[in-house]
file coords_18.cif (mmCIF, C-alpha atoms and all ligand atoms)
data_data
loop_
_atom_site.label_atom_id
_atom_site.label_comp_id
_atom_site.auth_asym_id
_atom_site.auth_seq_id
_atom_site.Cartn_x
_atom_site.Cartn_y
_atom_site.Cartn_z
CA MET A 92 22.50 72.17 179.28
CA PRO A 93 20.48 74.64 177.16
CA LYS A 94 20.59 78.32 177.97
CA GLU A 95 17.48 79.31 179.97
CA PRO A 96 15.75 82.70 179.64
CA ALA A 97 16.63 85.63 181.86
CA TYR A 98 13.87 86.60 184.29
CA LEU A 99 13.38 90.16 185.48
CA ILE A 100 11.74 90.67 188.83
CA LEU A 101 9.57 93.81 188.89
CA PHE A 102 7.50 95.41 191.62
CA ALA A 103 4.32 97.26 190.69
CA ASP A 104 4.78 100.06 193.22
CA LYS A 105 4.60 103.45 191.47
CA ARG A 106 7.95 104.55 192.89
CA ASP A 107 9.60 101.51 191.25
CA TYR A 108 8.21 102.29 187.78
CA GLU A 109 11.24 104.16 186.45
CA ASN A 110 13.69 101.64 187.93
CA ASN A 111 11.67 98.82 186.36
CA LEU A 112 11.88 100.45 182.93
CA LYS A 113 15.60 101.01 183.42
CA LEU A 114 16.09 97.39 184.43
CA ILE A 115 14.23 96.23 181.31
CA GLN A 116 16.34 98.51 179.09
CA PHE A 117 19.55 97.47 180.89
CA THR A 118 18.77 93.81 180.26
CA GLN A 119 17.76 94.34 176.64
CA THR A 120 21.05 96.18 176.05
CA ASN A 121 23.29 93.81 177.98
CA LEU A 122 21.74 90.45 177.09
CA LYS A 123 20.97 91.18 173.44
CA GLU A 124 20.53 87.64 172.19
CA GLU A 125 18.44 86.43 175.09
CA ALA A 126 14.82 85.66 175.69
CA ILE A 127 13.89 88.12 178.43
CA LYS A 128 10.89 87.33 180.55
CA ALA A 129 9.60 89.32 183.50
CA VAL A 130 7.42 88.71 186.47
CA VAL A 131 5.66 91.62 188.14
CA LEU A 132 4.32 91.39 191.68
CA THR A 133 1.21 93.45 192.22
CA GLY A 134 -2.11 93.92 193.92
CA ASP A 135 -3.68 95.21 190.69
CA ALA A 136 -3.27 92.85 187.73
CA GLN A 137 -4.75 95.12 185.03
CA GLU A 138 -2.62 98.08 185.98
CA ALA A 139 0.59 96.00 186.00
CA ALA A 140 -0.27 94.38 182.67
CA SER A 141 -0.86 97.76 181.05
CA MET A 142 2.40 99.17 182.47
CA TYR A 143 4.70 96.37 181.31
CA GLY A 144 2.71 94.51 178.63
CA ASP A 145 4.15 96.44 175.66
CA VAL A 146 7.81 97.03 176.51
CA GLY A 147 9.23 94.28 174.31
CA LEU A 148 9.52 91.42 176.81
CA SER A 149 9.44 87.81 175.51
CA GLU A 150 6.74 87.08 178.06
CA LEU A 151 5.19 88.79 181.08
CA ASP A 152 3.89 86.99 184.17
CA VAL A 153 1.63 89.00 186.44
CA LEU A 154 1.51 87.68 189.99
CA THR A 155 -1.44 89.15 191.87
CA TYR A 156 -2.39 88.80 195.51
CA ALA A 157 -4.50 91.05 197.67
CA GLN A 158 -1.93 91.34 200.47
CA TYR A 159 0.90 92.42 198.11
CA SER A 160 3.26 94.87 199.74
CA LYS A 161 6.91 95.06 198.81
CA ILE A 162 7.90 96.10 202.31
CA ASN A 163 6.90 92.69 203.67
CA ILE A 164 10.28 91.53 202.47
CA ASN A 165 10.16 87.93 203.73
CA GLN A 166 6.67 87.42 202.33
CA THR A 167 7.65 89.02 199.01
CA ALA A 168 10.86 86.96 198.81
CA THR A 169 9.00 83.71 199.48
CA THR A 170 6.44 84.54 196.78
CA ILE A 171 9.22 85.15 194.25
CA SER A 172 11.14 81.99 195.24
CA THR A 173 8.01 79.86 194.92
CA PHE A 174 7.38 81.31 191.48
CA LEU A 175 10.97 80.99 190.22
CA ARG A 176 11.22 77.37 191.38
CA GLY A 177 8.65 76.51 188.72
CA GLN A 178 10.29 78.58 185.97
CA PRO A 179 13.44 77.56 184.12
CA HIS A 180 15.70 80.60 184.35
CA GLY A 181 19.29 81.59 183.83
CA PHE A 182 19.78 84.98 185.42
CA ALA A 183 17.06 86.39 187.66
CA LEU A 184 17.66 90.13 187.59
CA PHE A 185 16.62 92.72 190.16
CA ASP A 186 17.33 96.42 190.42
CA ASN A 187 19.78 97.60 193.02
CA GLU A 188 17.43 99.59 195.25
CA LEU A 189 18.09 98.83 198.92
CA GLY A 190 14.71 97.20 199.63
CA THR A 191 14.91 95.16 196.43
CA LYS A 192 18.40 93.95 197.35
CA SER A 193 17.14 92.74 200.75
CA ILE A 194 14.48 90.73 198.94
CA ALA A 195 16.94 89.38 196.35
CA LYS A 196 19.30 88.13 199.06
CA ARG A 197 16.47 86.18 200.70
CA VAL A 198 15.41 84.71 197.36
CA ALA A 199 19.01 83.60 196.74
CA ALA A 200 19.12 81.86 200.12
CA GLN A 201 15.75 80.17 199.57
CA LEU A 202 16.67 78.96 196.07
CA ASN A 203 20.25 78.16 197.04
CA GLU A 204 21.51 80.14 194.04
CA PRO A 205 24.48 82.53 194.00
CA ILE A 206 23.81 86.25 194.14
CA ILE A 207 25.98 88.94 192.55
CA THR A 208 25.17 92.52 193.54
CA ASN A 209 25.86 96.04 192.17
CA ILE A 210 26.40 95.00 188.55
CA LYS A 211 27.10 97.77 186.00
CA THR A 212 27.42 95.76 182.77
CA ILE A 213 27.14 92.20 181.49
CA THR A 214 29.10 91.03 178.44
CA THR A 215 29.72 87.62 176.92
CA VAL A 216 33.31 86.41 176.68
CA ASP A 217 33.81 82.97 175.07
CA HIS A 218 31.37 80.73 176.90
CA ASP A 219 30.95 82.87 179.98
CA TYR A 220 29.14 85.96 181.04
CA ARG A 221 31.42 88.62 182.43
CA LEU A 222 29.72 90.80 185.03
CA GLU A 223 31.31 94.13 185.88
CA LYS A 224 30.87 94.99 189.54
CA ARG A 225 31.95 98.22 191.20
CA VAL A 226 33.48 97.73 194.64
CA TYR A 227 34.92 99.90 197.39
CA GLY A 228 32.31 102.60 196.85
CA GLY A 229 32.88 102.60 193.10
CA GLU A 230 36.65 103.07 193.37
CA MET A 231 37.55 99.69 191.85
CA LEU A 232 36.11 97.20 189.39
CA ARG A 233 35.76 93.50 189.92
CA TYR A 234 34.78 91.03 187.20
CA VAL A 235 32.72 87.95 187.99
CA LYS A 236 32.45 85.07 185.53
CA VAL A 237 29.27 82.99 185.22
CA PRO A 238 28.96 80.13 182.69
CA VAL A 239 26.36 80.90 180.02
CA GLU A 240 24.21 77.95 181.17
CA GLY A 241 24.58 78.93 184.84
CA GLN A 242 21.94 80.26 187.22
CA ALA A 243 22.44 83.32 189.39
CA LEU A 244 20.57 86.20 190.93
CA VAL A 245 21.93 89.55 189.86
CA THR A 246 21.14 93.01 191.22
CA CYS A 247 21.81 95.68 188.59
CA ASP A 248 22.92 99.24 189.22
CA VAL A 249 20.58 100.92 186.75
CA ALA A 250 20.89 104.46 188.12
CA SER A 251 22.86 105.72 185.11
CA VAL A 252 20.66 104.07 182.45
CA GLN A 253 19.25 106.78 180.16
CA LEU A 254 15.73 105.80 179.19
CA SER A 255 15.15 106.11 175.46
CA ASP A 256 11.90 106.04 173.50
CA LYS A 257 11.22 102.59 172.09
CA ASP A 258 8.54 101.23 169.80
CA LYS A 259 5.78 99.52 171.73
CA VAL A 260 6.00 95.75 171.31
CA ALA A 261 3.31 93.69 173.02
CA SER A 262 4.21 90.58 175.04
CA PRO A 263 2.22 87.45 175.77
CA ILE A 264 0.86 87.89 179.30
CA ASN A 265 0.19 85.12 181.84
CA MET A 266 -2.02 86.09 184.75
CA HIS A 267 -1.47 84.26 188.07
CA LYS A 268 -3.76 84.89 191.01
CA ILE A 269 -2.16 83.78 194.24
CA THR A 270 -4.50 82.82 197.05
CA THR A 271 -2.09 81.60 199.72
CA VAL A 272 0.95 83.65 200.63
CA ALA A 273 3.51 83.29 203.39
CA PRO A 274 2.56 85.15 206.60
CA SER A 275 3.23 88.86 206.61
CA ASP A 276 6.42 89.99 208.25
CA GLN A 277 5.53 93.63 208.62
CA VAL A 278 7.21 95.10 211.66
CA THR A 279 6.97 98.42 213.39
CA TYR A 280 10.17 100.30 214.00
CA GLU A 281 11.32 103.55 215.38
CA VAL A 282 13.85 105.79 213.66
CA VAL A 283 16.82 106.20 215.95
CA LYS A 284 19.23 107.76 213.45
CA GLN A 285 18.87 110.79 211.21
CA ALA A 286 17.38 109.79 207.86
CA VAL A 287 19.99 111.74 205.91
CA ASP A 288 23.55 110.55 206.24
CA THR A 289 25.13 113.86 207.08
CA LEU A 290 28.71 112.52 206.99
CA THR A 291 28.49 111.18 203.44
CA ASN A 292 27.05 114.47 202.19
CA ALA A 293 29.16 116.84 204.26
CA LYS A 294 31.11 119.64 202.56
CA VAL A 295 33.75 119.56 205.29
CA VAL A 296 34.93 116.39 207.04
CA VAL A 297 37.30 116.47 209.99
CA SER A 298 38.62 112.97 210.44
CA GLY A 299 40.77 111.49 213.17
CA GLY A 300 42.98 108.44 213.48
CA LYS A 301 45.11 106.64 216.02
CA GLY A 302 47.17 109.82 216.41
CA MET A 303 44.23 111.38 218.28
CA GLN A 304 45.09 108.93 221.08
CA SER A 305 41.82 109.11 223.05
CA PRO A 306 38.13 110.13 223.04
CA ALA A 307 39.29 113.52 224.33
CA GLY A 308 41.27 113.97 221.13
CA PHE A 309 38.05 113.46 219.18
CA GLN A 310 36.24 116.04 221.31
CA LEU A 311 38.82 118.51 220.10
CA LEU A 312 38.18 117.44 216.50
CA GLN A 313 34.42 117.76 217.07
CA GLU A 314 34.99 121.34 218.14
CA LEU A 315 36.92 121.99 214.94
CA ALA A 316 34.21 120.29 212.87
CA ASN A 317 31.58 122.49 214.55
CA GLN A 318 33.56 125.64 213.80
CA LEU A 319 33.80 124.64 210.14
CA HIS A 320 30.16 123.47 209.91
CA GLY A 321 31.53 120.03 209.09
CA ARG A 322 31.16 116.44 210.27
CA LEU A 323 33.40 114.14 212.19
CA GLY A 324 34.94 111.05 210.56
CA ALA A 325 37.43 108.43 211.74
CA THR A 326 39.68 105.56 210.77
CA ARG A 327 38.98 101.97 211.65
CA VAL A 328 41.66 102.02 214.32
CA ALA A 329 39.87 104.86 216.13
CA VAL A 330 36.54 103.04 215.84
CA GLU A 331 37.99 99.77 217.08
CA ALA A 332 39.58 101.59 220.02
CA GLY A 333 36.02 102.63 220.98
CA TRP A 334 36.80 106.35 220.70
CA VAL A 335 34.00 107.00 218.19
CA ASP A 336 30.90 105.28 216.74
CA ALA A 337 31.28 102.82 213.89
CA ASP A 338 29.07 104.93 211.60
CA MET A 339 31.86 107.50 211.47
CA MET A 340 34.30 105.09 209.84
CA ILE A 341 35.58 106.14 206.44
CA GLY A 342 37.19 103.74 203.99
CA GLN A 343 36.93 100.31 202.45
CA THR A 344 34.65 98.95 205.12
CA GLY A 345 33.19 102.30 206.05
CA LYS A 346 31.76 105.27 204.21
CA VAL A 347 32.95 107.01 201.06
CA VAL A 348 33.06 110.79 201.39
CA LYS A 349 33.82 113.44 198.76
CA PRO A 350 33.77 116.74 200.65
CA ASP A 351 35.23 120.04 199.51
CA VAL A 352 37.65 119.90 202.45
CA TYR A 353 38.92 116.80 204.25
CA ILE A 354 41.12 117.23 207.30
CA ALA A 355 43.06 114.06 208.17
CA ALA A 356 44.30 114.37 211.74
CA GLY A 357 46.70 111.74 213.07
CA ILE A 358 45.94 109.42 210.15
CA SER A 359 48.72 107.48 208.42
CA GLY A 360 47.01 107.16 205.00
CA ALA A 361 46.53 103.40 204.65
CA LEU A 362 44.88 102.43 201.35
CA GLN A 363 41.88 100.94 203.16
CA HIS A 364 41.22 104.40 204.58
CA THR A 365 42.10 106.54 201.58
CA VAL A 366 39.71 104.72 199.18
CA GLY A 367 37.00 106.33 201.26
CA MET A 368 38.28 109.92 201.03
CA ASP A 369 40.72 110.36 198.14
CA GLN A 370 38.12 112.10 195.98
CA SER A 371 37.88 114.98 198.43
CA LYS A 372 38.56 118.28 196.66
CA TYR A 373 41.11 119.67 199.12
CA ILE A 374 42.94 117.48 201.61
CA ILE A 375 44.74 118.82 204.67
CA ALA A 376 46.86 116.35 206.65
CA ILE A 377 48.31 116.81 210.12
CA ASN A 378 50.88 114.22 211.23
CA THR A 379 54.08 114.07 213.27
CA ASP A 380 55.66 111.73 210.72
CA PRO A 381 56.88 113.68 207.64
CA ASP A 382 56.97 110.40 205.67
CA ALA A 383 53.34 109.46 206.41
CA ALA A 384 51.59 108.23 203.24
CA ILE A 385 48.73 110.68 203.75
CA PHE A 386 51.05 113.56 202.77
CA LYS A 387 51.27 112.11 199.23
CA LEU A 388 47.54 112.80 198.84
CA ALA A 389 47.42 116.06 200.72
CA ASP A 390 47.13 119.50 199.14
CA LEU A 391 48.37 120.99 202.40
CA GLY A 392 50.53 119.04 204.87
CA ILE A 393 51.28 120.13 208.42
CA VAL A 394 54.03 118.22 210.20
CA GLY A 395 53.33 118.52 213.88
CA ASP A 396 51.51 117.30 216.95
CA VAL A 397 47.82 117.16 216.12
CA GLU A 398 46.63 118.46 219.47
CA ALA A 399 48.85 121.54 219.26
CA VAL A 400 47.92 122.21 215.61
CA VAL A 401 44.17 121.81 216.13
CA LYS A 402 44.21 124.03 219.23
CA GLN A 403 46.03 126.68 217.23
CA LEU A 404 43.53 126.38 214.39
CA LEU A 405 40.66 126.71 216.83
CA SER A 406 42.11 129.82 218.41
CA VAL A 407 42.46 131.41 214.95
CA LEU A 408 38.92 130.40 213.96
CA LYS A 409 37.48 131.82 217.16
CA GLU A 410 39.21 135.17 216.73
CA PRO A 411 36.75 137.89 215.80
CA VAL A 412 37.07 138.82 212.13
CA SER A 413 38.25 142.42 211.78
CA SER A 414 36.70 144.43 209.00
C1 LIG B 1 40.18 94.30 205.29
C2 LIG B 1 40.52 95.61 205.91
C3 LIG B 1 39.62 96.64 205.81
C4 LIG B 1 39.92 97.87 206.39
N1 LIG B 1 39.02 98.88 206.27
C5 LIG B 1 39.33 100.10 206.77
C6 LIG B 1 38.46 101.21 206.62
O1 LIG B 1 37.36 101.11 206.06
N2 LIG B 1 38.82 102.40 207.13
C7 LIG B 1 40.02 102.57 207.77
O2 LIG B 1 40.30 103.70 208.21
N3 LIG B 1 40.85 101.54 207.94
C8 LIG B 1 40.54 100.31 207.47
N4 LIG B 1 41.41 99.28 207.66
C9 LIG B 1 42.58 99.52 208.52
C10 LIG B 1 43.74 100.19 207.77
O3 LIG B 1 44.50 99.20 207.13
C11 LIG B 1 44.64 100.96 208.72
O4 LIG B 1 45.08 100.10 209.73
C12 LIG B 1 43.97 102.17 209.37
O5 LIG B 1 43.35 102.97 208.40
C13 LIG B 1 45.02 102.99 210.09
O6 LIG B 1 44.38 103.94 210.90
P1 LIG B 1 45.18 105.18 211.46
O7 LIG B 1 45.71 105.98 210.33
O8 LIG B 1 44.26 105.82 212.44
O9 LIG B 1 46.32 104.50 212.34
P2 LIG B 1 47.85 104.33 212.07
O10 LIG B 1 48.13 103.70 210.77
O11 LIG B 1 48.42 103.67 213.27
O12 LIG B 1 48.39 105.82 211.96
C14 LIG B 1 48.39 106.73 213.00
C15 LIG B 1 49.11 107.98 212.50
O13 LIG B 1 49.05 108.97 213.49
C16 LIG B 1 50.28 109.66 213.50
N5 LIG B 1 50.42 110.26 214.83
C17 LIG B 1 50.68 109.65 216.01
N6 LIG B 1 50.67 110.53 217.01
C18 LIG B 1 50.44 111.74 216.46
C19 LIG B 1 50.31 113.05 216.98
N7 LIG B 1 50.41 113.30 218.29
N8 LIG B 1 50.05 114.07 216.12
C20 LIG B 1 49.92 113.84 214.79
N9 LIG B 1 50.05 112.61 214.23
C21 LIG B 1 50.26 111.57 215.07
C22 LIG B 1 51.32 108.62 213.20
O14 LIG B 1 52.50 109.20 212.67
C23 LIG B 1 50.59 107.75 212.17
O15 LIG B 1 50.86 108.20 210.85
C24 LIG B 1 41.13 98.05 207.09
C25 LIG B 1 42.02 97.00 207.18
C26 LIG B 1 41.74 95.80 206.60
C27 LIG B 1 42.73 94.69 206.72
#
call {"tool": "encode", "arguments": {"input": "coords_18.cif", "output": "structure tokens", "more": "lines below"}}
Ligand SMILES: Cc1cc2nc3c(=O)[nH]c(=O)nc-3n(C[C@H](O)[C@H](O)[C@H](O)COP(=O)(O)OP(=O)(O)OC[C@H]3O[C@@H](n4cnc5c(N)ncnc54)[C@H](O)[C@@H]3O)c2cc1C
result
Amino acid sequence: MPKEPAYLILFADKRDYENNLKLIQFTQTNLKEEAIKAVVLTGDAQEAASMYGDVGLSELDVLTYAQYSKININQTATTISTFLRGQPHGFALFDNELGTKSIAKRVAAQLNEPIITNIKTITTVDHDYRLEKRVYGGEMLRYVKVPVEGQALVTCDVASVQLSDKDKVASPINMHKITTVAPSDQVTYEVVKQAVDTLTNAKVVVSGGKGMQSPAGFQLLQELANQLHGRLGATRVAVEAGWVDADMMIGQTGKVVKPDVYIAAGISGALQHTVGMDQSKYIIAINTDPDAAIFKLADLGIVGDVEAVVKQLLSVLKEPVSS
């Protein structure tokens, strides 16, 4: 089977402009020998053509329809799938932005093609592509092999691409005006959570595990977190026990935090937990078991009952500071 061209999927929204350029540069760097085509979805054909018509693509397709809006993700995905069905392609590449990824996943399902997300690099090894994927919040690498003649959707992590000045090279441009699109799927929603994830960005995280023994144990930790202007975290065991909300879970299947201070209270230090916190600057562990794995990571280890230690800490923190 001959190798088909790579297709980039671009969105004409102004806020996607830089990501689009990064995706183009990423693909030109990673798939050097390839024909690289792109399709841009837009409501304004001329604008899109002038933005991407001279960036060195093998060919540019401009897909225009009056109702275009990227946030109608089902409608946008169906438009892309319909287009790609008629275009021989090897990889179809998207950027890794959250909204784009939601679209890419739907396109993969509609085309029945595999999807590989969060890709940092693509190299060719023998007769395969080797895609480097960061997993566990960037803590580990996984390599995925795809035969050179294969088809797959790939979302690329282009955040670290440094845009460089390139000579302008004009591409052949095909204009497509779409008259019938899938019904809009725009929904209204209400924000029920804070927009900023305060746990992920916290400077101090006070985290509890099974050793906290109950929701009351976590109330004590919340008090400590408040005193330290920090946020509360937890292990999966504590979440599964129903002591805290799932969005507090730190680790492999939870959040990755990198605070200045991480207090691990009643936490054993299982790898699935520590991948989410081992880049904290200063780790304090409190555990009754002197052999607990968490002590190997800790800068300061306190062997003792967590309730007694936290109460003591709180009483010290609440003492008035003498001048
Ligand atoms: C696929 C998979 C994904 C997973 N993902 C995650 C994840 O994202 N995050 C996560 O956290 N886990 C995850 N886990 C679970 C993980 O393997 C561990 O089971 C979990 O992290 C252990 O939680 P823990 O430390 O609270 O409990 P335990 O391992 O049971 O440890 C409790 C600790 O508390 C100490 N202790 C008990 N009483 C006291 C006391 N009174 N005072 C002080 N110390 C006390 C004990 O000595 C012990 O060290 C995952 C597991 C799998 C299989």
call {"tool": "closest_atom_pairs", "arguments": {"input": "coords_18.cif", "of": "chain A", "to": "ligand LIG 1 (chain B)", "cutoff": "8 Å", "atoms": "all atoms listed in the file", "output": "Markdown table"}}
result
| residue | atom | partner | partner_atom | distance |
| --- | --- | --- | --- | --- |
| A:Gly299 | CA | B:LIG1 | O8 | 6.7 |
| A:Gly300 | CA | B:LIG1 | O8 | 3.1 |
| A:Lys301 | CA | B:LIG1 | O8 | 3.8 |
| A:Gly302 | CA | B:LIG1 | C17 | 3.5 |
| A:Met303 | CA | B:LIG1 | C19 | 6.4 |
| A:Gln304 | CA | B:LIG1 | N6 | 7.1 |
| A:Ala325 | CA | B:LIG1 | O2 | 6.6 |
| A:Thr326 | CA | B:LIG1 | O2 | 3.2 |
| A:Arg327 | CA | B:LIG1 | C7 | 4.1 |
| A:Val328 | CA | B:LIG1 | O6 | 4.8 |
| A:Ala329 | CA | B:LIG1 | O8 | 5.8 |
| A:Met340 | CA | B:LIG1 | N2 | 5.9 |
| A:Ile341 | CA | B:LIG1 | N2 | 5.0 |
| A:Gly342 | CA | B:LIG1 | O1 | 3.4 |
| A:Gln343 | CA | B:LIG1 | O1 | 3.7 |
| A:Thr344 | CA | B:LIG1 | O1 | 3.6 |
| A:Gly345 | CA | B:LIG1 | O1 | 4.3 |
| A:Lys346 | CA | B:LIG1 | O1 | 7.2 |
| A:Ala356 | CA | B:LIG1 | C20 | 6.4 |
| A:Gly357 | CA | B:LIG1 | N9 | 3.7 |
| A:Ile358 | CA | B:LIG1 | O7 | 3.5 |
| A:Ser359 | CA | B:LIG1 | O15 | 3.3 |
| A:Gly360 | CA | B:LIG1 | O7 | 5.6 |
| A:Ala361 | CA | B:LIG1 | O5 | 4.9 |
| A:Leu362 | CA | B:LIG1 | O3 | 6.6 |
| A:Gln363 | CA | B:LIG1 | C5 | 4.5 |
| A:His364 | CA | B:LIG1 | O2 | 3.8 |
| A:Thr365 | CA | B:LIG1 | O2 | 7.4 |
| A:Gly367 | CA | B:LIG1 | O1 | 7.1 |
| A:Ile377 | CA | B:LIG1 | C20 | 5.8 |
| A:Asn378 | CA | B:LIG1 | N9 | 3.5 |
| A:Thr379 | CA | B:LIG1 | N9 | 4.4 |
| A:Asp380 | CA | B:LIG1 | O14 | 4.5 |
| A:Ala383 | CA | B:LIG1 | O15 | 5.2 |
| A:Ala384 | CA | B:LIG1 | O15 | 7.6 |
| A:Ile385 | CA | B:LIG1 | O15 | 7.8 |
| A:Val394 | CA | B:LIG1 | C20 | 7.6 |
| A:Gly395 | CA | B:LIG1 | C20 | 5.9 |
| A:Asp396 | CA | B:LIG1 | N8 | 3.6 |
| A:Val397 | CA | B:LIG1 | N8 | 3.8 |
| A:Glu398 | CA | B:LIG1 | N8 | 6.5 |
call {"tool": "write_last_selection", "arguments": {"input": "coords_18.cif", "atoms": "C-alpha atoms", "output": "short mmCIF file (atom, residue, chain, number, x, y, z; two decimals), in the frame of the given file"}}
result
data_model
loop_
_atom_site.label_atom_id
_atom_site.label_comp_id
_atom_site.auth_asym_id
_atom_site.auth_seq_id
_atom_site.Cartn_x
_atom_site.Cartn_y
_atom_site.Cartn_z
CA GLY A 299 40.77 111.49 213.17
CA GLY A 300 42.98 108.44 213.48
CA LYS A 301 45.11 106.64 216.02
CA GLY A 302 47.17 109.82 216.41
CA MET A 303 44.23 111.38 218.28
CA GLN A 304 45.09 108.93 221.08
CA ALA A 325 37.43 108.43 211.74
CA THR A 326 39.68 105.56 210.77
CA ARG A 327 38.98 101.97 211.65
CA VAL A 328 41.66 102.02 214.32
CA ALA A 329 39.87 104.86 216.13
CA MET A 340 34.30 105.09 209.84
CA ILE A 341 35.58 106.14 206.44
CA GLY A 342 37.19 103.74 203.99
CA GLN A 343 36.93 100.31 202.45
CA THR A 344 34.65 98.95 205.12
CA GLY A 345 33.19 102.30 206.05
CA LYS A 346 31.76 105.27 204.21
CA ALA A 356 44.30 114.37 211.74
CA GLY A 357 46.70 111.74 213.07
CA ILE A 358 45.94 109.42 210.15
CA SER A 359 48.72 107.48 208.42
CA GLY A 360 47.01 107.16 205.00
CA ALA A 361 46.53 103.40 204.65
CA LEU A 362 44.88 102.43 201.35
CA GLN A 363 41.88 100.94 203.16
CA HIS A 364 41.22 104.40 204.58
CA THR A 365 42.10 106.54 201.58
CA GLY A 367 37.00 106.33 201.26
CA ILE A 377 48.31 116.81 210.12
CA ASN A 378 50.88 114.22 211.23
CA THR A 379 54.08 114.07 213.27
CA ASP A 380 55.66 111.73 210.72
CA ALA A 383 53.34 109.46 206.41
CA ALA A 384 51.59 108.23 203.24
CA ILE A 385 48.73 110.68 203.75
CA VAL A 394 54.03 118.22 210.20
CA GLY A 395 53.33 118.52 213.88
CA ASP A 396 51.51 117.30 216.95
CA VAL A 397 47.82 117.16 216.12
CA GLU A 398 46.63 118.46 219.47
#
call {"tool": "atom_distance", "arguments": {"input": "coords_18.cif", "atom1": "CA of Ile162 (chain A)", "atom2": "CA of Thr133 (chain A)"}}
result
12.4 Å
call {"tool": "atom_distance", "arguments": {"input": "coords_18.cif", "atom1": "CA of Ala157 (chain A)", "atom2": "CA of Asp145 (chain A)"}}
result
24.3 Å
call {"tool": "residues_near_point", "arguments": {"input": "coords_18.cif", "point": "(37.1, 112.0, 219.2)", "cutoff": "9 Å", "atoms": "only C-alpha atoms", "output": "ChimeraX atom specification"}}
result
/A:298-300,303-313,323-325,329,334-335
call {"tool": "closest_atom_pairs", "arguments": {"input": "coords_18.cif", "of": "region 180-244 of chain A", "to": "region 120-128 of chain A", "cutoff": "12 Å", "atoms": "only C-alpha atoms", "output": "tab-separated table"}}
result
residue	atom	partner	partner_atom	distance
A:His180	CA	A:Lys128	CA	9.1
A:Gly181	CA	A:Glu125	CA	10.0
A:Phe182	CA	A:Ile127	CA	9.7
A:Ala183	CA	A:Lys128	CA	9.5
A:Leu184	CA	A:Ile127	CA	10.1
A:Ile210	CA	A:Asn121	CA	11.1
A:Lys211	CA	A:Asn121	CA	9.7
A:Thr212	CA	A:Asn121	CA	6.6
A:Ile213	CA	A:Asn121	CA	5.5
A:Thr214	CA	A:Asn121	CA	6.5
A:Thr215	CA	A:Leu122	CA	8.5
A:Tyr220	CA	A:Leu122	CA	9.5
A:Arg221	CA	A:Asn121	CA	10.6
A:Leu222	CA	A:Asn121	CA	10.0
A:Glu223	CA	A:Asn121	CA	11.3
A:Val239	CA	A:Glu125	CA	10.8
A:Glu240	CA	A:Glu125	CA	11.9
call {"tool": "atom_distance", "arguments": {"input": "coords_18.cif", "atom1": "CA of Ile100 (chain A)", "atom2": "CA of Thr271 (chain A)"}}
result
19.8 Å
call {"tool": "residues_around", "arguments": {"input": "coords_18.cif", "residues": "Gln242 (chain A)", "least_positions_apart": "3", "cutoff": "12 Å", "atoms": "all atoms listed in the file", "output": "PyMOL selection string"}}
result
chain A and resi 92-98+175-176+178-184+199+202-207+219-220+236-239+245
call {"tool": "write_last_selection", "arguments": {"input": "coords_18.cif", "atoms": "C-alpha atoms", "output": "short mmCIF file (atom, residue, chain, number, x, y, z; two decimals), in the frame of the given file"}}
result
data_model
loop_
_atom_site.label_atom_id
_atom_site.label_comp_id
_atom_site.auth_asym_id
_atom_site.auth_seq_id
_atom_site.Cartn_x
_atom_site.Cartn_y
_atom_site.Cartn_z
CA MET A 92 22.50 72.17 179.28
CA PRO A 93 20.48 74.64 177.16
CA LYS A 94 20.59 78.32 177.97
CA GLU A 95 17.48 79.31 179.97
CA PRO A 96 15.75 82.70 179.64
CA ALA A 97 16.63 85.63 181.86
CA TYR A 98 13.87 86.60 184.29
CA LEU A 175 10.97 80.99 190.22
CA ARG A 176 11.22 77.37 191.38
CA GLN A 178 10.29 78.58 185.97
CA PRO A 179 13.44 77.56 184.12
CA HIS A 180 15.70 80.60 184.35
CA GLY A 181 19.29 81.59 183.83
CA PHE A 182 19.78 84.98 185.42
CA ALA A 183 17.06 86.39 187.66
CA LEU A 184 17.66 90.13 187.59
CA ALA A 199 19.01 83.60 196.74
CA LEU A 202 16.67 78.96 196.07
CA ASN A 203 20.25 78.16 197.04
CA GLU A 204 21.51 80.14 194.04
CA PRO A 205 24.48 82.53 194.00
CA ILE A 206 23.81 86.25 194.14
CA ILE A 207 25.98 88.94 192.55
CA ASP A 219 30.95 82.87 179.98
CA TYR A 220 29.14 85.96 181.04
CA LYS A 236 32.45 85.07 185.53
CA VAL A 237 29.27 82.99 185.22
CA PRO A 238 28.96 80.13 182.69
CA VAL A 239 26.36 80.90 180.02
CA VAL A 245 21.93 89.55 189.86
#
call {"tool": "closest_residue", "arguments": {"input": "coords_18.cif", "among": "A:His267, A:His218, A:Ile375, A:Thr173", "to": "Lys387 (chain A)", "atoms": "all atoms listed in the file"}}
result
A:Ile375
call {"tool": "residues_around", "arguments": {"input": "coords_18.cif", "residues": "Val260 (chain A)", "least_positions_apart": "4", "cutoff": "8 Å", "atoms": "all atoms listed in the file", "output": "PyMOL selection string"}}
result
chain A and resi 145-148
call {"tool": "residues_around", "arguments": {"input": "coords_18.cif", "residues": "Gly190 (chain A)", "least_positions_apart": "5", "cutoff": "9 Å", "atoms": "all atoms listed in the file", "output": "list in words"}}
result
Lys161, Ile162, Ile164 and Ala195 of chain A
call {"tool": "closest_residue", "arguments": {"input": "coords_18.cif", "among": "A:Met231, A:Val347, A:Leu290, A:Lys409", "to": "Gln370 (chain A)", "atoms": "all atoms listed in the file"}}
result
A:Val347
call {"tool": "residues_around", "arguments": {"input": "coords_18.cif", "residues": "Ala136 (chain A)", "least_positions_apart": "2", "cutoff": "12 Å", "atoms": "all atoms listed in the file", "output": "PyMOL selection string"}}
result
chain A and resi 102-103+130-134+138-144+151-157+159+264-269
